[in-house]
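Q: start34.pdb is the file, holding PDB, C-alpha atoms, pLDDT in the B column:
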```
ATOM      1  CA  MET A   1      93.469  94.010  40.959  1.00 94.00           C
ATOM      2  CA  LYS A   2      95.453  92.569  43.871  1.00 96.00           C
ATOM      3  CA  LYS A   3      95.081  93.208  47.584  1.00 98.00           C
ATOM      4  CA  VAL A   4      98.376  94.568  48.849  1.00 98.00           C
ATOM      5  CA  LEU A   5      99.106  94.650  52.577  1.00 98.00           C
ATOM      6  CA  ILE A   6     102.108  96.598  53.803  1.00 98.00           C
ATOM      7  CA  ILE A   7     103.286  95.978  57.364  1.00 97.00           C
ATOM      8  CA  ALA A   8     105.418  98.910  58.538  1.00 97.00           C
ATOM      9  CA  GLY A   9     107.489  98.019  61.585  1.00 96.00           C
ATOM     10  CA  SER A  10     109.233 101.253  62.456  1.00 94.00           C
ATOM     11  CA  PRO A  11     108.615 102.817  65.859  1.00 93.00           C
ATOM     12  CA  ARG A  12     109.548 106.162  64.314  1.00 91.00           C
ATOM     13  CA  LYS A  13     106.743 107.978  62.486  1.00 93.00           C
ATOM     14  CA  ASN A  14     107.777 109.231  59.040  1.00 92.00           C
ATOM     15  CA  GLY A  15     111.167 107.568  59.295  1.00 91.00           C
ATOM     16  CA  ASN A  16     113.088 106.145  56.363  1.00 90.00           C
ATOM     17  CA  SER A  17     111.362 102.753  56.332  1.00 92.00           C
ATOM     18  CA  ASP A  18     107.951 104.478  56.512  1.00 95.00           C
ATOM     19  CA  MET A  19     108.965 106.475  53.468  1.00 93.00           C
ATOM     20  CA  LEU A  20     109.816 103.255  51.614  1.00 93.00           C
ATOM     21  CA  ALA A  21     106.444 101.778  52.588  1.00 96.00           C
ATOM     22  CA  ARG A  22     104.632 104.801  51.186  1.00 96.00           C
ATOM     23  CA  GLN A  23     106.659 104.662  47.969  1.00 96.00           C
ATOM     24  CA  PHE A  24     105.806 100.981  47.516  1.00 96.00           C
ATOM     25  CA  ALA A  25     102.132 101.804  48.187  1.00 98.00           C
ATOM     26  CA  LYS A  26     102.197 104.659  45.679  1.00 98.00           C
ATOM     27  CA  GLY A  27     103.568 102.401  42.956  1.00 97.00           C
ATOM     28  CA  ALA A  28     101.057  99.629  43.703  1.00 98.00           C
ATOM     29  CA  GLU A  29      98.110 102.059  43.787  1.00 98.00           C
ATOM     30  CA  GLU A  30      99.166 103.599  40.472  1.00 98.00           C
ATOM     31  CA  SER A  31      99.114 100.073  39.018  1.00 97.00           C
ATOM     32  CA  GLY A  32      95.476  99.721  40.093  1.00 97.00           C
ATOM     33  CA  HIS A  33      95.877  97.625  43.225  1.00 98.00           C
ATOM     34  CA  GLN A  34      94.061  97.994  46.536  1.00 98.00           C
ATOM     35  CA  VAL A  35      96.644  98.942  49.183  1.00 98.00           C
ATOM     36  CA  GLU A  36      96.556  99.078  52.964  1.00 98.00           C
ATOM     37  CA  ILE A  37      99.454 100.101  55.193  1.00 98.00           C
ATOM     38  CA  ILE A  38      99.438  98.950  58.801  1.00 98.00           C
ATOM     39  CA  TYR A  39     101.786 100.735  61.180  1.00 98.00           C
ATOM     40  CA  LEU A  40     102.691  98.344  63.981  1.00 97.00           C
ATOM     41  CA  ARG A  41     103.593 101.258  66.268  1.00 97.00           C
ATOM     42  CA  ASP A  42      99.885 102.190  66.362  1.00 97.00           C
ATOM     43  CA  LEU A  43      98.802  98.745  67.571  1.00 97.00           C
ATOM     44  CA  LYS A  44      98.859  96.928  70.874  1.00 97.00           C
ATOM     45  CA  ILE A  45     100.491  93.554  70.234  1.00 96.00           C
ATOM     46  CA  ASN A  46     101.595  91.413  73.172  1.00 96.00           C
ATOM     47  CA  TYR A  47     104.495  88.985  73.082  1.00 95.00           C
ATOM     48  CA  CYS A  48     103.877  85.385  72.056  1.00 94.00           C
ATOM     49  CA  GLN A  49     103.587  83.124  75.104  1.00 94.00           C
ATOM     50  CA  GLY A  50     104.695  80.001  73.222  1.00 92.00           C
ATOM     51  CA  CYS A  51     101.683  78.012  74.447  1.00 93.00           C
ATOM     52  CA  LEU A  52     100.558  76.987  70.914  1.00 90.00           C
ATOM     53  CA  VAL A  53      96.873  77.394  71.811  1.00 90.00           C
ATOM     54  CA  CYS A  54      96.627  79.425  68.604  1.00 88.00           C
ATOM     55  CA  LEU A  55      97.275  76.341  66.489  1.00 84.00           C
ATOM     56  CA  LYS A  56      94.170  74.685  67.923  1.00 86.00           C
ATOM     57  CA  LYS A  57      91.890  77.726  68.116  1.00 85.00           C
ATOM     58  CA  GLY A  58      93.035  79.567  64.982  1.00 81.00           C
ATOM     59  CA  GLU A  59      93.897  82.667  66.951  1.00 82.00           C
ATOM     60  CA  CYS A  60      95.787  83.635  70.050  1.00 90.00           C
ATOM     61  CA  PHE A  61      94.055  83.609  73.434  1.00 93.00           C
ATOM     62  CA  GLN A  62      95.416  87.101  74.029  1.00 94.00           C
ATOM     63  CA  LYS A  63      92.909  89.799  73.177  1.00 93.00           C
ATOM     64  CA  ASP A  64      94.939  92.443  71.413  1.00 95.00           C
ATOM     65  CA  ASP A  65      95.382  93.867  67.913  1.00 95.00           C
ATOM     66  CA  ALA A  66      97.322  90.876  66.556  1.00 93.00           C
ATOM     67  CA  ASN A  67      94.166  88.816  66.052  1.00 90.00           C
ATOM     68  CA  SER A  68      92.700  91.497  63.784  1.00 91.00           C
ATOM     69  CA  LEU A  69      95.744  91.191  61.511  1.00 92.00           C
ATOM     70  CA  LEU A  70      95.285  87.481  60.828  1.00 89.00           C
ATOM     71  CA  PRO A  71      92.388  87.917  58.354  1.00 92.00           C
ATOM     72  CA  LYS A  72      94.195  90.766  56.612  1.00 95.00           C
ATOM     73  CA  MET A  73      97.236  88.555  56.066  1.00 91.00           C
ATOM     74  CA  MET A  74      95.030  85.736  54.765  1.00 91.00           C
ATOM     75  CA  GLU A  75      93.104  87.985  52.347  1.00 95.00           C
ATOM     76  CA  ALA A  76      96.149  89.737  50.907  1.00 95.00           C
ATOM     77  CA  ASP A  77      97.633  88.628  47.607  1.00 95.00           C
ATOM     78  CA  VAL A  78     100.802  90.559  48.311  1.00 95.00           C
ATOM     79  CA  VAL A  79     102.479  91.169  51.670  1.00 94.00           C
ATOM     80  CA  CYS A  80     105.230  93.746  51.975  1.00 95.00           C
ATOM     81  CA  PHE A  81     107.314  94.242  55.123  1.00 93.00           C
ATOM     82  CA  SER A  82     109.138  97.475  55.801  1.00 94.00           C
ATOM     83  CA  CYS A  83     111.237  98.227  58.863  1.00 92.00           C
ATOM     84  CA  PRO A  84     114.551  99.513  60.136  1.00 91.00           C
ATOM     85  CA  VAL A  85     117.413  97.241  61.131  1.00 89.00           C
ATOM     86  CA  TYR A  86     118.377  97.267  64.796  1.00 87.00           C
ATOM     87  CA  TYR A  87     121.394  95.238  65.896  1.00 86.00           C
ATOM     88  CA  TYR A  88     121.453  93.076  62.775  1.00 83.00           C
ATOM     89  CA  SER A  89     117.762  92.197  62.953  1.00 86.00           C
ATOM     90  CA  VAL A  90     114.293  93.573  62.372  1.00 91.00           C
ATOM     91  CA  SER A  91     112.777  96.019  64.848  1.00 93.00           C
ATOM     92  CA  GLY A  92     111.237  94.669  68.055  1.00 93.00           C
ATOM     93  CA  GLN A  93     107.784  95.649  66.819  1.00 95.00           C
ATOM     94  CA  MET A  94     108.242  93.593  63.651  1.00 94.00           C
ATOM     95  CA  LYS A  95     109.649  90.564  65.484  1.00 93.00           C
ATOM     96  CA  THR A  96     106.760  90.606  67.973  1.00 95.00           C
ATOM     97  CA  PHE A  97     104.304  90.768  65.060  1.00 94.00           C
ATOM     98  CA  ILE A  98     105.994  87.863  63.256  1.00 91.00           C
ATOM     99  CA  ASP A  99     105.905  85.727  66.400  1.00 92.00           C
ATOM    100  CA  ARG A 100     102.187  86.361  66.799  1.00 92.00           C
ATOM    101  CA  MET A 101     101.382  85.232  63.253  1.00 88.00           C
ATOM    102  CA  ASN A 102     101.861  81.627  64.364  1.00 84.00           C
ATOM    103  CA  PRO A 103      98.197  80.693  63.664  1.00 83.00           C
ATOM    104  CA  LEU A 104      98.822  81.307  59.953  1.00 81.00           C
ATOM    105  CA  TYR A 105     101.645  78.825  59.537  1.00 74.00           C
ATOM    106  CA  ASP A 106      99.551  75.998  58.148  1.00 74.00           C
ATOM    107  CA  LYS A 107      96.950  78.178  56.421  1.00 79.00           C
ATOM    108  CA  MET A 108      98.627  80.894  54.389  1.00 80.00           C
ATOM    109  CA  LYS A 109      99.401  79.978  50.776  1.00 80.00           C
ATOM    110  CA  ASP A 110     100.105  81.554  47.421  1.00 83.00           C
ATOM    111  CA  LYS A 111     101.353  84.972  48.507  1.00 86.00           C
ATOM    112  CA  ASP A 112     103.930  87.287  47.057  1.00 90.00           C
ATOM    113  CA  PHE A 113     106.316  88.639  49.698  1.00 89.00           C
ATOM    114  CA  TYR A 114     108.384  91.816  49.402  1.00 91.00           C
ATOM    115  CA  TYR A 115     110.895  93.100  51.930  1.00 89.00           C
ATOM    116  CA  MET A 116     112.261  96.585  52.481  1.00 90.00           C
ATOM    117  CA  LEU A 117     114.829  97.412  55.140  1.00 88.00           C
ATOM    118  CA  THR A 118     116.715 100.521  56.103  1.00 87.00           C
ATOM    119  CA  ALA A 119     119.939 100.675  58.092  1.00 83.00           C
ATOM    120  CA  GLN A 120     122.564 103.196  59.030  1.00 79.00           C
ATOM    121  CA  ASP A 121     125.322 100.906  57.793  1.00 73.00           C
ATOM    122  CA  ASP A 122     125.499 100.706  54.026  1.00 70.00           C
ATOM    123  CA  SER A 123     127.232  97.326  53.995  1.00 69.00           C
ATOM    124  CA  HIS A 124     124.935  94.424  53.274  1.00 73.00           C
ATOM    125  CA  LYS A 125     125.965  92.508  56.406  1.00 77.00           C
ATOM    126  CA  GLN A 126     123.291  94.055  58.662  1.00 75.00           C
ATOM    127  CA  LEU A 127     120.625  93.983  56.002  1.00 77.00           C
ATOM    128  CA  ASP A 128     121.273  90.390  54.944  1.00 81.00           C
ATOM    129  CA  ARG A 129     120.914  89.129  58.505  1.00 80.00           C
ATOM    130  CA  ALA A 130     117.660  91.039  58.954  1.00 82.00           C
ATOM    131  CA  PHE A 131     116.329  89.735  55.625  1.00 79.00           C
ATOM    132  CA  ASP A 132     116.932  86.233  56.981  1.00 84.00           C
ATOM    133  CA  VAL A 133     114.223  86.901  59.601  1.00 83.00           C
ATOM    134  CA  PHE A 134     111.694  87.628  56.848  1.00 80.00           C
ATOM    135  CA  GLU A 135     112.835  84.632  54.829  1.00 82.00           C
ATOM    136  CA  GLY A 136     112.410  82.378  57.870  1.00 80.00           C
ATOM    137  CA  PHE A 137     108.896  83.699  58.391  1.00 80.00           C
ATOM    138  CA  ALA A 138     107.952  83.105  54.744  1.00 81.00           C
ATOM    139  CA  ASP A 139     109.463  79.602  54.759  1.00 79.00           C
ATOM    140  CA  CYS A 140     106.630  78.521  57.068  1.00 74.00           C
ATOM    141  CA  PHE A 141     104.028  78.951  54.326  1.00 74.00           C
ATOM    142  CA  GLU A 142     103.226  77.099  51.110  1.00 70.00           C
ATOM    143  CA  ASN A 143     103.859  78.490  47.634  1.00 69.00           C
ATOM    144  CA  ILE A 144     105.292  81.761  48.861  1.00 70.00           C
ATOM    145  CA  ARG A 145     107.082  83.763  46.232  1.00 71.00           C
ATOM    146  CA  ARG A 146     109.886  86.073  47.306  1.00 71.00           C
ATOM    147  CA  CYS A 147     109.507  88.807  44.781  1.00 74.00           C
ATOM    148  CA  GLY A 148     111.825  91.561  45.787  1.00 75.00           C
ATOM    149  CA  ARG A 149     114.068  93.237  48.305  1.00 75.00           C
ATOM    150  CA  VAL A 150     115.009  96.843  48.779  1.00 79.00           C
ATOM    151  CA  TYR A 151     118.244  97.629  50.605  1.00 73.00           C
ATOM    152  CA  GLY A 152     118.121 101.065  52.208  1.00 76.00           C
ATOM    153  CA  GLY A 153     121.648 100.996  53.613  1.00 73.00           C
ATOM    154  CA  GLY A 154     123.291 104.322  54.478  1.00 71.00           C
ATOM    155  CA  ALA A 155     120.081 105.964  55.700  1.00 71.00           C
ATOM    156  CA  ASP A 156     121.024 107.353  59.104  1.00 71.00           C
ATOM    157  CA  LYS A 157     118.881 110.430  59.574  1.00 74.00           C
ATOM    158  CA  LYS A 158     115.167 110.886  58.943  1.00 78.00           C
ATOM    159  CA  GLY A 159     114.510 111.592  55.274  1.00 76.00           C
ATOM    160  CA  GLU A 160     117.918 110.521  53.992  1.00 78.00           C
ATOM    161  CA  ILE A 161     116.333 107.623  52.140  1.00 81.00           C
ATOM    162  CA  LYS A 162     115.041 110.070  49.508  1.00 82.00           C
ATOM    163  CA  ASP A 163     118.626 110.514  48.325  1.00 81.00           C
ATOM    164  CA  LEU A 164     119.302 106.795  47.960  1.00 81.00           C
ATOM    165  CA  PRO A 165     118.407 104.368  45.139  1.00 86.00           C
ATOM    166  CA  ALA A 166     116.141 102.446  47.546  1.00 86.00           C
ATOM    167  CA  TYR A 167     113.570 105.251  47.430  1.00 86.00           C
ATOM    168  CA  ILE A 168     113.004 104.820  43.685  1.00 90.00           C
ATOM    169  CA  GLU A 169     113.392 101.022  43.927  1.00 91.00           C
ATOM    170  CA  ALA A 170     110.515 100.821  46.436  1.00 92.00           C
ATOM    171  CA  TYR A 171     108.230 102.728  44.072  1.00 94.00           C
ATOM    172  CA  GLU A 172     109.234 100.579  41.086  1.00 93.00           C
ATOM    173  CA  MET A 173     108.781  97.393  43.078  1.00 91.00           C
ATOM    174  CA  GLY A 174     105.272  98.526  44.059  1.00 95.00           C
ATOM    175  CA  LYS A 175     104.439  99.285  40.410  1.00 95.00           C
ATOM    176  CA  GLY A 176     105.532  95.787  39.455  1.00 93.00           C
ATOM    177  CA  VAL A 177     103.290  93.973  41.932  1.00 92.00           C
TER     178      VAL A 177
END
```
Would you mind writing the file's structure down as structure tokens?
A:
Amino acid sequence: MKKVLIIAGSPRKNGNSDMLARQFAKGAEESGHQVEIIYLRDLKINYCQGCLVCLKKGECFQKDDANSLLPKMMEADVVCFSCPVYYYSVSGQMKTFIDRMNPLYDKMKDKDFYYMLTAQDDSHKQLDRAFDVFEGFADCFENIRRCGRVYGGGADKKGEIKDLPAYIEAYEMGKGV
């Protein structure tokens, strides 16, 4: 049994990327894994100050919800990110979260990373640029395996993802964890 942590970065409750996160979770749970979904919109996470105190102390000096996520990231065997694409990048909530994970950069090893993005545009241009943000984040760690991507392009309105291949792909990817 693996510990699977899903970080959902949509500000919109029950939006398309939330639906992908739940599909991934469903597949992973059916395969016998322990799954937790964290919705960044429910947390108070301040912006990184760039002071690098976290590298010395092991956590940020700011007292917010980001510090509680550090142990969860460390304990997880599998980390899955799910969020919408805004202006060719990940959502602001997701980017703020990634910036605050700085204390993990020399500690996190041997994880499987999965990425799921949704965008209105069904060309891969927006999605590829946003995936680069996740790839850059994962490049900071040792022995990270990039295991899968789900492209949810063409999902404009809430719930439209159910009609796209990405909906089934997220479930199948979760089953294969």
Q: Rounded to one decimal, what separation in Å do you get between atom CA of A:Asp77 and atom CA of A:Lys111?
A: 5.3 Å
Q: Can you tell me which residues surround stretch 167-171 of chain A at a distance of at most 12 Å, considering all atoms listed in the file, apart from same-chain residues fewer than 6 positions away, and format the answer as a ChimeraX atom specification?
A: /A:6,16-31,80-82,114-118,148-153,155,159-161,177
Q: May I ask for the distance between atom CA of A:Glu142 and atom CA of A:Leu70, given in Å to one decimal place?
A: 16.3 Å
Q: So which residues touch A:Val90 within 10 Å, counting all atoms listed in the file, skipping near sequence neighbours fewer than 4 positions away, as a PDB file with C-alpha atoms, in the coordinates of the input?
A:
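Resulting contents of part_32.pdb:
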```
ATOM      1  CA  GLY A   9     107.489  98.019  61.585  1.00 96.00           C
ATOM      2  CA  SER A  10     109.233 101.253  62.456  1.00 94.00           C
ATOM      3  CA  SER A  82     109.138  97.475  55.801  1.00 94.00           C
ATOM      4  CA  CYS A  83     111.237  98.227  58.863  1.00 92.00           C
ATOM      5  CA  PRO A  84     114.551  99.513  60.136  1.00 91.00           C
ATOM      6  CA  VAL A  85     117.413  97.241  61.131  1.00 89.00           C
ATOM      7  CA  TYR A  86     118.377  97.267  64.796  1.00 87.00           C
ATOM      8  CA  MET A  94     108.242  93.593  63.651  1.00 94.00           C
ATOM      9  CA  LYS A  95     109.649  90.564  65.484  1.00 93.00           C
ATOM     10  CA  THR A  96     106.760  90.606  67.973  1.00 95.00           C
ATOM     11  CA  LEU A 117     114.829  97.412  55.140  1.00 88.00           C
ATOM     12  CA  THR A 118     116.715 100.521  56.103  1.00 87.00           C
ATOM     13  CA  GLN A 126     123.291  94.055  58.662  1.00 75.00           C
ATOM     14  CA  LEU A 127     120.625  93.983  56.002  1.00 77.00           C
ATOM     15  CA  ARG A 129     120.914  89.129  58.505  1.00 80.00           C
ATOM     16  CA  ALA A 130     117.660  91.039  58.954  1.00 82.00           C
ATOM     17  CA  PHE A 131     116.329  89.735  55.625  1.00 79.00           C
ATOM     18  CA  ASP A 132     116.932  86.233  56.981  1.00 84.00           C
ATOM     19  CA  VAL A 133     114.223  86.901  59.601  1.00 83.00           C
ATOM     20  CA  PHE A 134     111.694  87.628  56.848  1.00 80.00           C
TER      21      PHE A 134
END
```
Q: I need the residue nearest A:Asp106 from this list: A:Leu52, A:Leu40, A:Cys140, A:Ala66. Use only C-alpha atoms for the distance.
A: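 Smallest separation from A:Asp106 among the options: A:Cys140.
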Q: Here's the selection I'm unsure about, the PyMOL selection byres ((chain A and resi 145) around 7); applied to the file above, which residues does it give, as a VMD selection string?
A: chain A and resid 111 to 113 143 to 144 146 to 147
Q: Atoms to include: C-alpha atoms. Write the selected residues as a short mmCIF file (atom, residue, chain, number, x, y, z; two decimals), in the coordinates of the input.
A:
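Below you can see out-v2.cif, which holds the result:
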```cif
data_model
loop_
_atom_site.label_atom_id
_atom_site.label_comp_id
_atom_site.auth_asym_id
_atom_site.auth_seq_id
_atom_site.Cartn_x
_atom_site.Cartn_y
_atom_site.Cartn_z
CA LYS A 111 101.35 84.97 48.51
CA ASP A 112 103.93 87.29 47.06
CA PHE A 113 106.32 88.64 49.70
CA ASN A 143 103.86 78.49 47.63
CA ILE A 144 105.29 81.76 48.86
CA ARG A 146 109.89 86.07 47.31
CA CYS A 147 109.51 88.81 44.78
#
```
Q: Identify, on the basis of only C-alpha atoms, every residue whose closest approach to A:Asp156 does not exceed 8 Å; exclude the query and any residue fewer than 6 positions from it along the same chain; express the result as number ranges by chain.
A: A: 119-121
Q: Enumerate, as an NGL selection string, the residues matched when the PyMOL selection byres ((chain A and resi 69) around 12) is run on the file above.
A: :A and (5-7 or 36-40 or 43-45 or 59-60 or 64-68 or 70-76 or 79 or 97-98 or 100-104)
Q: Could you check the closest approach to A:Lys3 for each of A:Ala166, A:Ala138, A:Cys51, A:Val35 and tell me which residue wins, using all atoms listed in the file?
A: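 Closest to A:Lys3 of all the choices is A:Val35.
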Q: Please indicate the distance in Å from atom CA of A:Tyr47 to atom CA of A:Lys13, rounded to one decimal place.
A: 21.9 Å
Q: Could you write out as lines of an AutoDock Vina configuration file the box around stretch 114-133 of chain A (axis-aligned, all atoms listed in the file, 6 Å on each side), with centre and edge lengths in Å to one decimal?
A:
```
center_x = 117.8
center_y = 94.7
center_z = 54.5
size_x = 30.8
size_y = 29.0
size_z = 22.2
```
Q: Measuring atom to atom with all atoms listed in the file, identify which of A:Tyr88, A:Lys125, A:Val78, A:Leu55 is nearest to A:Lys107.
A: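 Between A:Tyr88, A:Lys125, A:Val78, A:Leu55, the residue approaching A:Lys107 most closely is A:Leu55.
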Q: Show which residues sit within 7 Å of A:Lys2, as a PyMOL selection string. Count all atoms listed in the file, and ignore same-chain residues fewer than 2 positions away.
A: chain A and resi 4+33-34+77
